[in-house]
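Asker: Quick one, work01.cif (mmCIF, C-alpha atoms; chains and numbers go by the auth columns):
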```cif
data_run
#
loop_
_atom_site.group_PDB
_atom_site.id
_atom_site.type_symbol
_atom_site.label_atom_id
_atom_site.label_comp_id
_atom_site.label_asym_id
_atom_site.label_seq_id
_atom_site.Cartn_x
_atom_site.Cartn_y
_atom_site.Cartn_z
_atom_site.B_iso_or_equiv
_atom_site.auth_seq_id
_atom_site.auth_asym_id
ATOM 1 C CA GLY A 1 16.002 69.003 -56.864 0.00 1 A
ATOM 2 C CA ALA A 2 13.697 66.955 -59.021 0.00 2 A
ATOM 3 C CA GLY A 3 16.300 65.623 -61.429 0.00 3 A
ATOM 4 C CA VAL A 4 19.938 64.557 -61.585 0.00 4 A
ATOM 5 C CA SER A 5 22.208 67.557 -61.204 0.00 5 A
ATOM 6 C CA GLN A 6 25.742 67.676 -62.607 0.00 6 A
ATOM 7 C CA THR A 7 28.367 70.339 -62.048 0.00 7 A
ATOM 8 C CA PRO A 8 30.165 71.930 -63.721 0.00 8 A
ATOM 9 C CA SER A 9 28.225 71.911 -66.981 0.00 9 A
ATOM 10 C CA ASN A 10 31.389 72.884 -68.839 0.00 10 A
ATOM 11 C CA LYS A 11 35.021 72.512 -67.846 0.00 11 A
ATOM 12 C CA VAL A 12 38.043 73.556 -69.884 0.00 12 A
ATOM 13 C CA THR A 13 41.400 72.492 -68.530 0.00 13 A
ATOM 14 C CA GLU A 14 44.965 72.045 -69.643 0.00 14 A
ATOM 15 C CA LYS A 15 46.670 68.750 -70.288 0.00 15 A
ATOM 16 C CA GLY A 16 48.094 67.327 -67.076 0.00 16 A
ATOM 17 C CA LYS A 17 45.664 69.055 -64.714 0.00 17 A
ATOM 18 C CA TYR A 18 43.338 67.411 -62.166 0.00 18 A
ATOM 19 C CA VAL A 19 39.566 67.571 -62.628 0.00 19 A
ATOM 20 C CA GLU A 20 36.580 66.754 -60.426 0.00 20 A
ATOM 21 C CA LEU A 21 33.059 66.296 -61.753 0.00 21 A
ATOM 22 C CA ARG A 22 30.120 66.184 -59.361 0.00 22 A
ATOM 23 C CA CYS A 23 26.809 64.372 -59.566 0.00 23 A
ATOM 24 C CA ASP A 24 23.798 64.860 -57.301 0.00 24 A
ATOM 25 C CA PRO A 25 21.298 62.048 -57.990 0.00 25 A
ATOM 26 C CA ILE A 26 17.556 61.954 -57.535 0.00 26 A
ATOM 27 C CA SER A 27 16.728 61.657 -53.859 0.00 27 A
ATOM 28 C CA GLY A 28 16.178 58.053 -52.810 0.00 28 A
ATOM 29 C CA HIS A 29 17.882 56.510 -55.834 0.00 29 A
ATOM 30 C CA THR A 30 20.335 53.892 -54.615 0.00 30 A
ATOM 31 C CA ALA A 31 22.115 53.204 -57.899 0.00 31 A
ATOM 32 C CA LEU A 32 24.359 55.778 -59.578 0.00 32 A
ATOM 33 C CA TYR A 33 26.136 55.436 -62.905 0.00 33 A
ATOM 34 C CA TRP A 34 28.868 57.352 -64.696 0.00 34 A
ATOM 35 C CA TYR A 35 29.131 57.247 -68.482 0.00 35 A
ATOM 36 C CA ARG A 36 31.347 59.007 -70.991 0.00 36 A
ATOM 37 C CA GLN A 37 30.014 60.075 -74.378 0.00 37 A
ATOM 38 C CA SER A 38 32.194 61.151 -77.278 0.00 38 A
ATOM 39 C CA LEU A 39 30.812 62.963 -80.314 0.00 39 A
ATOM 40 C CA GLY A 40 28.677 60.668 -82.469 0.00 40 A
ATOM 41 C CA GLN A 41 28.937 57.769 -80.021 0.00 41 A
ATOM 42 C CA GLY A 42 26.640 56.204 -77.467 0.00 42 A
ATOM 43 C CA PRO A 43 27.304 56.507 -73.738 0.00 43 A
ATOM 44 C CA GLU A 44 30.264 54.367 -72.697 0.00 44 A
ATOM 45 C CA PHE A 45 30.004 52.796 -69.239 0.00 45 A
ATOM 46 C CA LEU A 46 32.592 53.829 -66.653 0.00 46 A
ATOM 47 C CA ILE A 47 31.393 52.789 -63.190 0.00 47 A
ATOM 48 C CA TYR A 48 28.255 52.149 -61.196 0.00 48 A
ATOM 49 C CA PHE A 49 27.523 52.352 -57.498 0.00 49 A
ATOM 50 C CA GLN A 50 24.925 50.503 -55.508 0.00 50 A
ATOM 51 C CA GLY A 51 24.781 52.538 -52.317 0.00 51 A
ATOM 52 C CA THR A 52 28.267 53.610 -51.259 0.00 52 A
ATOM 53 C CA GLY A 53 30.211 50.837 -52.922 0.00 53 A
ATOM 54 C CA ALA A 54 31.369 50.546 -56.512 0.00 54 A
ATOM 55 C CA ALA A 55 29.475 47.500 -57.770 0.00 55 A
ATOM 56 C CA ASP A 56 31.223 47.539 -61.141 0.00 56 A
ATOM 57 C CA ASP A 57 34.189 49.736 -62.104 0.00 57 A
ATOM 58 C CA SER A 58 35.218 47.702 -65.127 0.00 58 A
ATOM 59 C CA GLY A 59 34.675 50.639 -67.488 0.00 59 A
ATOM 60 C CA LEU A 60 37.226 52.977 -65.937 0.00 60 A
ATOM 61 C CA PRO A 61 39.852 53.274 -68.703 0.00 61 A
ATOM 62 C CA ASN A 62 42.934 53.445 -66.452 0.00 62 A
ATOM 63 C CA ASP A 63 44.100 54.383 -62.970 0.00 63 A
ATOM 64 C CA ARG A 64 43.868 58.108 -63.708 0.00 64 A
ATOM 65 C CA PHE A 65 40.106 57.790 -63.284 0.00 65 A
ATOM 66 C CA PHE A 66 38.532 57.332 -59.889 0.00 66 A
ATOM 67 C CA ALA A 67 35.023 57.841 -58.485 0.00 67 A
ATOM 68 C CA VAL A 68 33.602 57.987 -54.984 0.00 68 A
ATOM 69 C CA ARG A 69 30.181 58.079 -53.371 0.00 69 A
ATOM 70 C CA PRO A 70 31.000 58.279 -49.657 0.00 70 A
ATOM 71 C CA GLU A 71 27.503 58.722 -48.230 0.00 71 A
ATOM 72 C CA GLY A 72 25.514 56.903 -50.870 0.00 72 A
ATOM 73 C CA SER A 73 24.183 60.057 -52.468 0.00 73 A
ATOM 74 C CA VAL A 74 26.454 62.598 -54.189 0.00 74 A
ATOM 75 C CA SER A 75 29.244 61.157 -56.329 0.00 75 A
ATOM 76 C CA THR A 76 32.463 62.691 -57.610 0.00 76 A
ATOM 77 C CA LEU A 77 34.378 61.496 -60.671 0.00 77 A
ATOM 78 C CA LYS A 78 38.050 62.390 -60.405 0.00 78 A
ATOM 79 C CA ILE A 79 40.464 62.494 -63.321 0.00 79 A
ATOM 80 C CA GLN A 80 44.174 62.934 -62.704 0.00 80 A
ATOM 81 C CA ARG A 81 46.799 64.090 -65.213 0.00 81 A
ATOM 82 C CA THR A 82 44.180 64.810 -67.840 0.00 82 A
ATOM 83 C CA GLU A 83 44.939 64.012 -71.474 0.00 83 A
ATOM 84 C CA ARG A 84 43.407 65.436 -74.660 0.00 84 A
ATOM 85 C CA GLY A 85 41.714 62.072 -75.245 0.00 85 A
ATOM 86 C CA ASP A 86 39.706 62.568 -72.040 0.00 86 A
ATOM 87 C CA SER A 87 37.702 65.303 -73.756 0.00 87 A
ATOM 88 C CA ALA A 88 34.067 64.158 -73.808 0.00 88 A
ATOM 89 C CA VAL A 89 30.711 64.656 -72.129 0.00 89 A
ATOM 90 C CA TYR A 90 30.590 62.869 -68.784 0.00 90 A
ATOM 91 C CA LEU A 91 27.067 61.755 -67.990 0.00 91 A
ATOM 92 C CA CYS A 92 25.736 60.753 -64.601 0.00 92 A
ATOM 93 C CA ALA A 93 22.542 58.757 -64.139 0.00 93 A
ATOM 94 C CA SER A 94 20.667 57.419 -61.158 0.00 94 A
ATOM 95 C CA SER A 95 18.181 54.617 -60.759 0.00 95 A
ATOM 96 C CA LEU A 96 15.804 53.658 -57.976 0.00 96 A
ATOM 97 C CA ASN A 97 17.358 50.206 -57.872 0.00 97 A
ATOM 98 C CA ALA A 98 19.973 48.627 -60.120 0.00 98 A
ATOM 99 C CA GLY A 99 17.901 45.469 -60.182 0.00 99 A
ATOM 100 C CA ARG A 100 15.420 47.193 -62.456 0.00 100 A
ATOM 101 C CA GLY A 101 18.087 46.940 -65.084 0.00 101 A
ATOM 102 C CA GLY A 102 18.141 50.245 -66.889 0.00 102 A
ATOM 103 C CA GLU A 103 15.520 52.734 -65.824 0.00 103 A
ATOM 104 C CA LEU A 104 18.169 55.404 -65.696 0.00 104 A
ATOM 105 C CA PHE A 105 17.553 59.089 -65.196 0.00 105 A
ATOM 106 C CA PHE A 106 20.357 61.153 -66.678 0.00 106 A
ATOM 107 C CA GLY A 107 21.717 64.562 -65.896 0.00 107 A
ATOM 108 C CA GLU A 108 22.605 67.065 -68.598 0.00 108 A
ATOM 109 C CA GLY A 109 26.270 66.062 -68.460 0.00 109 A
ATOM 110 C CA SER A 110 29.584 67.776 -67.794 0.00 110 A
ATOM 111 C CA ARG A 111 31.382 68.724 -70.991 0.00 111 A
ATOM 112 C CA LEU A 112 35.128 68.355 -70.442 0.00 112 A
ATOM 113 C CA THR A 113 37.622 69.884 -72.854 0.00 113 A
ATOM 114 C CA VAL A 114 41.317 69.211 -72.346 0.00 114 A
ATOM 115 C CA LEU A 115 43.559 71.598 -74.266 0.00 115 A
ATOM 116 C CA GLN B 1 32.523 42.760 -81.961 0.00 1 B
ATOM 117 C CA LYS B 2 30.489 45.156 -79.841 0.00 2 B
ATOM 118 C CA GLU B 3 27.908 43.722 -77.448 0.00 3 B
ATOM 119 C CA VAL B 4 25.261 46.018 -78.936 0.00 4 B
ATOM 120 C CA GLU B 5 25.169 47.026 -82.597 0.00 5 B
ATOM 121 C CA GLN B 6 23.124 49.954 -83.888 0.00 6 B
ATOM 122 C CA ASP B 7 23.169 51.659 -87.276 0.00 7 B
ATOM 123 C CA PRO B 8 24.236 55.289 -86.648 0.00 8 B
ATOM 124 C CA GLY B 9 22.230 56.648 -89.597 0.00 9 B
ATOM 125 C CA PRO B 10 21.471 59.442 -90.155 0.00 10 B
ATOM 126 C CA LEU B 11 17.897 58.565 -91.015 0.00 11 B
ATOM 127 C CA SER B 12 15.796 61.228 -92.715 0.00 12 B
ATOM 128 C CA VAL B 13 12.024 60.767 -93.156 0.00 13 B
ATOM 129 C CA PRO B 14 9.064 63.002 -94.084 0.00 14 B
ATOM 130 C CA GLU B 15 6.611 64.061 -91.407 0.00 15 B
ATOM 131 C CA GLY B 16 3.918 61.432 -90.856 0.00 16 B
ATOM 132 C CA ALA B 17 6.104 58.493 -91.868 0.00 17 B
ATOM 133 C CA ILE B 18 6.546 55.326 -89.831 0.00 18 B
ATOM 134 C CA VAL B 19 10.063 55.047 -88.492 0.00 19 B
ATOM 135 C CA SER B 20 11.769 51.759 -87.691 0.00 20 B
ATOM 136 C CA LEU B 21 14.901 51.707 -85.527 0.00 21 B
ATOM 137 C CA ASN B 22 16.770 48.520 -84.676 0.00 22 B
ATOM 138 C CA CYS B 23 19.554 47.023 -82.592 0.00 23 B
ATOM 139 C CA THR B 24 21.160 43.624 -82.399 0.00 24 B
ATOM 140 C CA TYR B 25 23.060 42.227 -79.449 0.00 25 B
ATOM 141 C CA SER B 26 25.264 39.284 -78.594 0.00 26 B
ATOM 142 C CA ASN B 27 24.902 38.840 -74.812 0.00 27 B
ATOM 143 C CA SER B 28 22.156 36.308 -74.114 0.00 28 B
ATOM 144 C CA ALA B 29 22.061 37.385 -70.444 0.00 29 B
ATOM 145 C CA PHE B 30 20.368 40.672 -71.342 0.00 30 B
ATOM 146 C CA GLN B 31 16.819 40.757 -69.985 0.00 31 B
ATOM 147 C CA TYR B 32 15.987 44.468 -69.811 0.00 32 B
ATOM 148 C CA PHE B 33 15.701 46.448 -73.014 0.00 33 B
ATOM 149 C CA MET B 34 15.349 50.191 -73.256 0.00 34 B
ATOM 150 C CA TRP B 35 15.123 52.977 -75.788 0.00 35 B
ATOM 151 C CA TYR B 36 16.390 56.416 -74.887 0.00 36 B
ATOM 152 C CA ARG B 37 15.926 59.648 -76.801 0.00 37 B
ATOM 153 C CA GLN B 38 18.669 62.255 -76.750 0.00 38 B
ATOM 154 C CA TYR B 39 18.286 65.781 -78.039 0.00 39 B
ATOM 155 C CA SER B 40 21.390 67.737 -78.992 0.00 40 B
ATOM 156 C CA ARG B 41 23.457 68.772 -75.967 0.00 41 B
ATOM 157 C CA LYS B 42 21.048 67.107 -73.548 0.00 42 B
ATOM 158 C CA GLY B 43 21.191 63.949 -71.454 0.00 43 B
ATOM 159 C CA PRO B 44 19.371 60.826 -72.699 0.00 44 B
ATOM 160 C CA GLU B 45 15.775 60.410 -71.520 0.00 45 B
ATOM 161 C CA LEU B 46 14.057 57.067 -71.132 0.00 46 B
ATOM 162 C CA LEU B 47 11.422 56.471 -73.801 0.00 47 B
ATOM 163 C CA MET B 48 10.530 52.785 -73.538 0.00 48 B
ATOM 164 C CA TYR B 49 11.407 50.058 -71.041 0.00 49 B
ATOM 165 C CA THR B 50 10.645 46.377 -71.545 0.00 50 B
ATOM 166 C CA TYR B 51 11.487 43.188 -69.741 0.00 51 B
ATOM 167 C CA SER B 52 12.208 40.006 -71.717 0.00 52 B
ATOM 168 C CA SER B 53 10.538 39.329 -75.069 0.00 53 B
ATOM 169 C CA GLY B 54 7.361 40.822 -76.494 0.00 54 B
ATOM 170 C CA ASN B 55 5.830 44.101 -77.515 0.00 55 B
ATOM 171 C CA LYS B 56 5.070 47.253 -75.615 0.00 56 B
ATOM 172 C CA GLU B 57 3.089 50.190 -76.903 0.00 57 B
ATOM 173 C CA ASP B 58 2.981 53.757 -75.585 0.00 58 B
ATOM 174 C CA GLY B 59 1.159 56.271 -77.725 0.00 59 B
ATOM 175 C CA ARG B 60 2.917 56.568 -81.078 0.00 60 B
ATOM 176 C CA PHE B 61 5.812 54.376 -79.908 0.00 61 B
ATOM 177 C CA THR B 62 6.043 50.570 -80.017 0.00 62 B
ATOM 178 C CA ALA B 63 8.997 48.571 -78.734 0.00 63 B
ATOM 179 C CA GLN B 64 9.574 44.975 -79.798 0.00 64 B
ATOM 180 C CA VAL B 65 12.014 42.466 -78.356 0.00 65 B
ATOM 181 C CA ASP B 66 12.880 39.159 -79.996 0.00 66 B
ATOM 182 C CA LYS B 67 15.293 37.386 -77.664 0.00 67 B
ATOM 183 C CA SER B 68 15.560 34.330 -79.908 0.00 68 B
ATOM 184 C CA SER B 69 17.036 36.518 -82.656 0.00 69 B
ATOM 185 C CA LYS B 70 18.752 38.947 -80.260 0.00 70 B
ATOM 186 C CA TYR B 71 17.014 41.798 -82.033 0.00 71 B
ATOM 187 C CA ILE B 72 15.070 44.777 -80.724 0.00 72 B
ATOM 188 C CA SER B 73 13.088 47.433 -82.556 0.00 73 B
ATOM 189 C CA LEU B 74 11.417 50.760 -81.935 0.00 74 B
ATOM 190 C CA PHE B 75 8.624 51.931 -84.204 0.00 75 B
ATOM 191 C CA ILE B 76 7.423 55.525 -84.304 0.00 76 B
ATOM 192 C CA ARG B 77 4.069 56.127 -85.992 0.00 77 B
ATOM 193 C CA ASP B 78 2.995 59.454 -87.465 0.00 78 B
ATOM 194 C CA SER B 79 6.475 60.886 -86.956 0.00 79 B
ATOM 195 C CA GLN B 80 6.710 64.560 -86.034 0.00 80 B
ATOM 196 C CA PRO B 81 9.531 67.111 -86.457 0.00 81 B
ATOM 197 C CA SER B 82 9.790 67.122 -82.656 0.00 82 B
ATOM 198 C CA ASP B 83 10.844 63.445 -82.877 0.00 83 B
ATOM 199 C CA SER B 84 14.104 64.562 -84.501 0.00 84 B
ATOM 200 C CA ALA B 85 16.780 63.356 -82.093 0.00 85 B
ATOM 201 C CA THR B 86 19.258 60.541 -81.553 0.00 86 B
ATOM 202 C CA TYR B 87 17.698 57.268 -80.425 0.00 87 B
ATOM 203 C CA LEU B 88 19.805 54.992 -78.254 0.00 88 B
ATOM 204 C CA CYS B 89 19.031 51.377 -77.540 0.00 89 B
ATOM 205 C CA ALA B 90 20.242 50.055 -74.183 0.00 90 B
ATOM 206 C CA MET B 91 20.291 46.684 -72.447 0.00 91 B
ATOM 207 C CA SER B 92 21.100 45.118 -69.129 0.00 92 B
ATOM 208 C CA ALA B 93 21.083 41.816 -67.317 0.00 93 B
ATOM 209 C CA GLY B 94 19.848 43.453 -64.119 0.00 94 B
ATOM 210 C CA TYR B 95 22.080 44.475 -61.205 0.00 95 B
ATOM 211 C CA GLN B 96 24.737 45.110 -63.822 0.00 96 B
ATOM 212 C CA LYS B 97 25.912 47.896 -66.051 0.00 97 B
ATOM 213 C CA VAL B 98 23.610 49.164 -68.773 0.00 98 B
ATOM 214 C CA THR B 99 25.157 48.867 -72.234 0.00 99 B
ATOM 215 C CA PHE B 100 24.197 51.368 -74.933 0.00 100 B
ATOM 216 C CA GLY B 101 24.275 51.263 -78.707 0.00 101 B
ATOM 217 C CA THR B 102 25.949 54.033 -80.687 0.00 102 B
ATOM 218 C CA GLY B 103 22.621 55.746 -81.368 0.00 103 B
ATOM 219 C CA THR B 104 20.704 56.441 -84.590 0.00 104 B
ATOM 220 C CA LYS B 105 20.253 60.063 -85.559 0.00 105 B
ATOM 221 C CA LEU B 106 16.732 60.709 -86.850 0.00 106 B
ATOM 222 C CA GLN B 107 15.543 63.763 -88.746 0.00 107 B
ATOM 223 C CA VAL B 108 11.840 64.241 -89.496 0.00 108 B
ATOM 224 C CA ILE B 109 11.333 66.710 -92.318 0.00 109 B
ATOM 225 C CA PRO B 110 8.184 68.906 -92.123 0.00 110 B
#
```
Could you quickly redo this structure as C-alpha cells?

Answerer:
Amino acid sequence: GAGVSQTPSNKVTEKGKYVELRCDPISGHTALYWYRQSLGQGPEFLIYFQGTGAADDSGLPNDRFFAVRPEGSVSTLKIQRTERGDSAVYLCASSLNAGRGGELFFGEGSRLTVL
Amino acid sequence: QKEVEQDPGPLSVPEGAIVSLNCTYSNSAFQYFMWYRQYSRKGPELLMYTYSSGNKEDGRFTAQVDKSSKYISLFIRDSQPSDSATYLCAMSAGYQKVTFGTGTKLQVIP
C-alpha cells in the first residue's frame, strides 16, 4: 500500500488479556516507530527500530510491553496482562531513514480499550 | 520538566486571521524541528520540516526556529476553517527518537 497500515483499527479487550497490534510500514522505509497517544496528549514515544533491531526502547513503560520487527518490515507491538491504563491510541510511523530526524509518516492508529 | 513544552489551547480565531503557534524545548541536542497536523481520529501528518535554525515558508505556513532561545514557531496566514485541527511540534537529534509536544488545538471560525 501507499501509506502506513495498522491493524486492528479498534480493539476492545478485558483486563488481563494479551493483545497484538500490527504495523505495515511504507515500503523501503528502514525506520519504524511506535507511539502511544492518550486523549488530549501528544504522541508518547515507546520504541523505534532501525532495520530489524530496536535502536531505542526506552519508552516502553514496563516489561508487559514488547515489540518485534523480525524481517525489517512489518512490526508487532505486544501487550501482556493488559490494564485499564493501557487504553490509548497506539500509533505507528515509518521513516525513510532515522537520520533524517523526524520525517515520520503515521498510520491511522489502533485504538485500544481495556475494560 | 518536559523536554518539549506546548500550550494545549484551545485557540479559537476568526477565518482570515494570522495564527501563531509555539513550542519551547530544553534539549540543546535537538537539530530537526517539525510541525505535524492531526485531525480528529486521524494520525498526525507532517506539515513542516526544518533543520537547525532559520525560517522556512510553504504556502500559507511559515516555520521559525531559534536555537539560541530554544523556541520554535509556526505561523498560519489567512487561516481557513479547514485548518481547524491539533498542531503538534516535534523535535529530534537525528538517529534518535522524535519527541512531541502535547499539541495545540486550533479552531478557525467561519

Asker: Would you mind reading off the distance between CA of Tyr36 in chain B and CA of Tyr87 in chain B, one decimal, in Å?

Answerer: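 So the answer is 5.8 Å.
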
Asker: Determine, using all atoms listed in the file, which residues of chain A have any atom at most 9 Å from an atom of chain B, and tabulate each with its shortest atom pair and distance in Å to one decimal place, rows ordered by chain and then rising number, as a Markdown table.

Answerer:
```
| residue | atom | partner | partner_atom | distance |
| --- | --- | --- | --- | --- |
| A:Tyr33 | CA | B:Lys97 | CA | 8.2 |
| A:Gly40 | CA | B:Thr102 | CA | 7.4 |
| A:Gln41 | CA | B:Thr102 | CA | 4.8 |
| A:Gly42 | CA | B:Thr102 | CA | 3.9 |
| A:Pro43 | CA | B:Phe100 | CA | 6.1 |
| A:Glu44 | CA | B:Phe100 | CA | 7.1 |
| A:Phe45 | CA | B:Thr99 | CA | 6.9 |
| A:Leu46 | CA | B:Lys97 | CA | 9.0 |
| A:Ile47 | CA | B:Lys97 | CA | 7.9 |
| A:Tyr48 | CA | B:Lys97 | CA | 6.9 |
| A:Gln50 | CA | B:Tyr95 | CA | 8.8 |
| A:Ala55 | CA | B:Gln96 | CA | 8.0 |
| A:Asp56 | CA | B:Lys97 | CA | 7.2 |
| A:Leu91 | CA | B:Gly43 | CA | 7.2 |
| A:Cys92 | CA | B:Gly43 | CA | 8.8 |
| A:Asn97 | CA | B:Tyr95 | CA | 8.1 |
| A:Ala98 | CA | B:Tyr95 | CA | 4.8 |
| A:Gly99 | CA | B:Tyr95 | CA | 4.4 |
| A:Arg100 | CA | B:Gly94 | CA | 6.0 |
| A:Gly101 | CA | B:Gly94 | CA | 4.0 |
| A:Gly102 | CA | B:Val98 | CA | 5.9 |
| A:Glu103 | CA | B:Leu46 | CA | 7.0 |
| A:Leu104 | CA | B:Leu46 | CA | 7.0 |
| A:Phe105 | CA | B:Glu45 | CA | 6.7 |
| A:Phe106 | CA | B:Gly43 | CA | 5.6 |
| A:Gly107 | CA | B:Gly43 | CA | 5.6 |
| A:Glu108 | CA | B:Gly43 | CA | 4.5 |
| A:Gly109 | CA | B:Gly43 | CA | 6.3 |
```

Asker: In Å, with one decimal, what is the gap from CA of Val12 in chain A to CA of Glu83 in chain A?

Answerer: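 Computing it gives 11.9 Å between the two atoms.
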
Asker: Report, in Å to a single decimal, how far apart CA of Gln64 in chain B and CA of Ser38 in chain A are.

Answerer: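 One can read the CA of Ser38 in chain A to CA of Gln64 in chain B distance as 27.9 Å.
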
Asker: Translate the PyMOL selection byres ((chain A and resi 110) around 6), as applied to the file shown, into an explicit residue set as JSON, numbers by chain.

Answerer: {"A": [8, 9, 10, 89, 90, 109, 111]}

Asker: Return as a list of chain:residue names the set of residues that the PyMOL selection byres ((chain B and resi 13) around 12) yields on the displayed structure.

Answerer: B:Gly9, B:Pro10, B:Leu11, B:Ser12, B:Pro14, B:Glu15, B:Gly16, B:Ala17, B:Ile18, B:Val19, B:Ser20, B:Ile76, B:Arg77, B:Asp78, B:Ser79, B:Gln80, B:Pro81, B:Asp83, B:Ser84, B:Lys105, B:Leu106, B:Gln107, B:Val108, B:Ile109, B:Pro110

Asker: Would you export the selected residues with C-alpha atoms as a PDB file, in the coordinates of the input, please?

Answerer:
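Final output, again-v2.pdb:
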```pdb
ATOM      1  CA  GLY B   9      22.230  56.648 -89.597  1.00  0.00           C
ATOM      2  CA  PRO B  10      21.471  59.442 -90.155  1.00  0.00           C
ATOM      3  CA  LEU B  11      17.897  58.565 -91.015  1.00  0.00           C
ATOM      4  CA  SER B  12      15.796  61.228 -92.715  1.00  0.00           C
ATOM      5  CA  PRO B  14       9.064  63.002 -94.084  1.00  0.00           C
ATOM      6  CA  GLU B  15       6.611  64.061 -91.407  1.00  0.00           C
ATOM      7  CA  GLY B  16       3.918  61.432 -90.856  1.00  0.00           C
ATOM      8  CA  ALA B  17       6.104  58.493 -91.868  1.00  0.00           C
ATOM      9  CA  ILE B  18       6.546  55.326 -89.831  1.00  0.00           C
ATOM     10  CA  VAL B  19      10.063  55.047 -88.492  1.00  0.00           C
ATOM     11  CA  SER B  20      11.769  51.759 -87.691  1.00  0.00           C
ATOM     12  CA  ILE B  76       7.423  55.525 -84.304  1.00  0.00           C
ATOM     13  CA  ARG B  77       4.069  56.127 -85.992  1.00  0.00           C
ATOM     14  CA  ASP B  78       2.995  59.454 -87.465  1.00  0.00           C
ATOM     15  CA  SER B  79       6.475  60.886 -86.956  1.00  0.00           C
ATOM     16  CA  GLN B  80       6.710  64.560 -86.034  1.00  0.00           C
ATOM     17  CA  PRO B  81       9.531  67.111 -86.457  1.00  0.00           C
ATOM     18  CA  ASP B  83      10.844  63.445 -82.877  1.00  0.00           C
ATOM     19  CA  SER B  84      14.104  64.562 -84.501  1.00  0.00           C
ATOM     20  CA  LYS B 105      20.253  60.063 -85.559  1.00  0.00           C
ATOM     21  CA  LEU B 106      16.732  60.709 -86.850  1.00  0.00           C
ATOM     22  CA  GLN B 107      15.543  63.763 -88.746  1.00  0.00           C
ATOM     23  CA  VAL B 108      11.840  64.241 -89.496  1.00  0.00           C
ATOM     24  CA  ILE B 109      11.333  66.710 -92.318  1.00  0.00           C
ATOM     25  CA  PRO B 110       8.184  68.906 -92.123  1.00  0.00           C
TER      26      PRO B 110
END
```

Asker: Which residue is closest to Ser5 in chain A? Choose from A:Tyr35, A:Thr52, A:Gly72, A:Ala93 and count all atoms listed in the file.

Answerer: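 Among A:Tyr35, A:Thr52, A:Gly72, A:Ala93, it is A:Ala93 that comes nearest to Ser5 in chain A.
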
Asker: Go through A:Ser73, A:Thr30, A:Thr113, A:Ser95 one by one, measure the shortest atom-to-atom distance of each to Thr13 in chain A using only C-alpha atoms, and give the residue with the smallest value.

Answerer: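 Smallest distance to Thr13 in chain A is found for A:Thr113.
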
Asker: Which residues, named as in the file, does the PyMOL selection byres ((chain A and resi 27) around 9) pick out? Answer as a CSV table (one decimal) with C-alpha atoms, in the coordinates of the input.

Answerer:
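Generated output (part.csv):
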```csv
chain,number,residue,atom,x,y,z
A,1,GLY,CA,16.0,69.0,-56.9
A,2,ALA,CA,13.7,67.0,-59.0
A,3,GLY,CA,16.3,65.6,-61.4
A,4,VAL,CA,19.9,64.6,-61.6
A,24,ASP,CA,23.8,64.9,-57.3
A,25,PRO,CA,21.3,62.0,-58.0
A,26,ILE,CA,17.6,62.0,-57.5
A,28,GLY,CA,16.2,58.1,-52.8
A,29,HIS,CA,17.9,56.5,-55.8
A,30,THR,CA,20.3,53.9,-54.6
A,73,SER,CA,24.2,60.1,-52.5
```

Asker: Can you pull out the residues contacting Tyr25 in chain B? Cut-off 9 Å, using only C-alpha atoms, and skip same-chain residues under 2 positions away; I want them as a list in words.

Answerer: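 Everything that qualifies: Lys2, Glu3, Val4, Glu5, Gln6, Cys23, Asn27, Ser28, Phe30, Ser69, Lys70, Tyr71, Ile72 and Met91 of chain B.
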
Asker: For range 84-90 of chain A, what centre and edge lengths in Å (one decimal) does the axis-aligned box get once 3 Å is added on each side of all its listed atoms, as lines of an AutoDock Vina configuration file?

Answerer:
```
center_x = 37.0
center_y = 63.8
center_z = -72.0
size_x = 18.8
size_y = 9.4
size_z = 12.5
```

Asker: From the set B:Ser73, B:Gln1, B:Ser68, B:Thr62, which residue has the shortest atom-to-atom contact distance to Asn22 in chain B, counting all atoms listed in the file?

Answerer: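 Comparing B:Ser73, B:Gln1, B:Ser68, B:Thr62 against Asn22 in chain B, the winner is B:Ser73.
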
Asker: Rebuild N, CA, C and O atoms on range 35-42 of chain A, as a CSV table (one decimal), in the frame of the given file?

Answerer:
```
chain,number,residue,atom,x,y,z
A,35,TYR,N,28.9,57.6,-67.1
A,35,TYR,CA,29.1,57.2,-68.5
A,35,TYR,C,29.9,58.4,-69.1
A,35,TYR,O,29.9,59.5,-68.7
A,36,ARG,N,30.6,58.0,-70.2
A,36,ARG,CA,31.3,59.0,-71.0
A,36,ARG,C,30.8,58.9,-72.4
A,36,ARG,O,30.7,57.8,-73.0
A,37,GLN,N,30.5,60.1,-73.0
A,37,GLN,CA,30.0,60.1,-74.4
A,37,GLN,C,30.9,61.0,-75.3
A,37,GLN,O,31.0,62.2,-75.0
A,38,SER,N,31.4,60.4,-76.3
A,38,SER,CA,32.2,61.2,-77.3
A,38,SER,C,31.3,61.5,-78.4
A,38,SER,O,30.2,60.9,-78.6
A,39,LEU,N,31.7,62.5,-79.2
A,39,LEU,CA,30.8,63.0,-80.3
A,39,LEU,C,30.4,61.8,-81.3
A,39,LEU,O,31.3,61.1,-81.7
A,40,GLY,N,29.1,61.7,-81.5
A,40,GLY,CA,28.7,60.7,-82.5
A,40,GLY,C,28.7,59.3,-81.9
A,40,GLY,O,28.4,58.3,-82.7
A,41,GLN,N,28.9,59.1,-80.6
A,41,GLN,CA,28.9,57.8,-80.0
A,41,GLN,C,27.9,57.6,-78.9
A,41,GLN,O,27.4,58.7,-78.4
A,42,GLY,N,27.5,56.4,-78.6
A,42,GLY,CA,26.6,56.2,-77.5
A,42,GLY,C,27.4,56.3,-76.2
A,42,GLY,O,28.6,56.4,-76.1
```
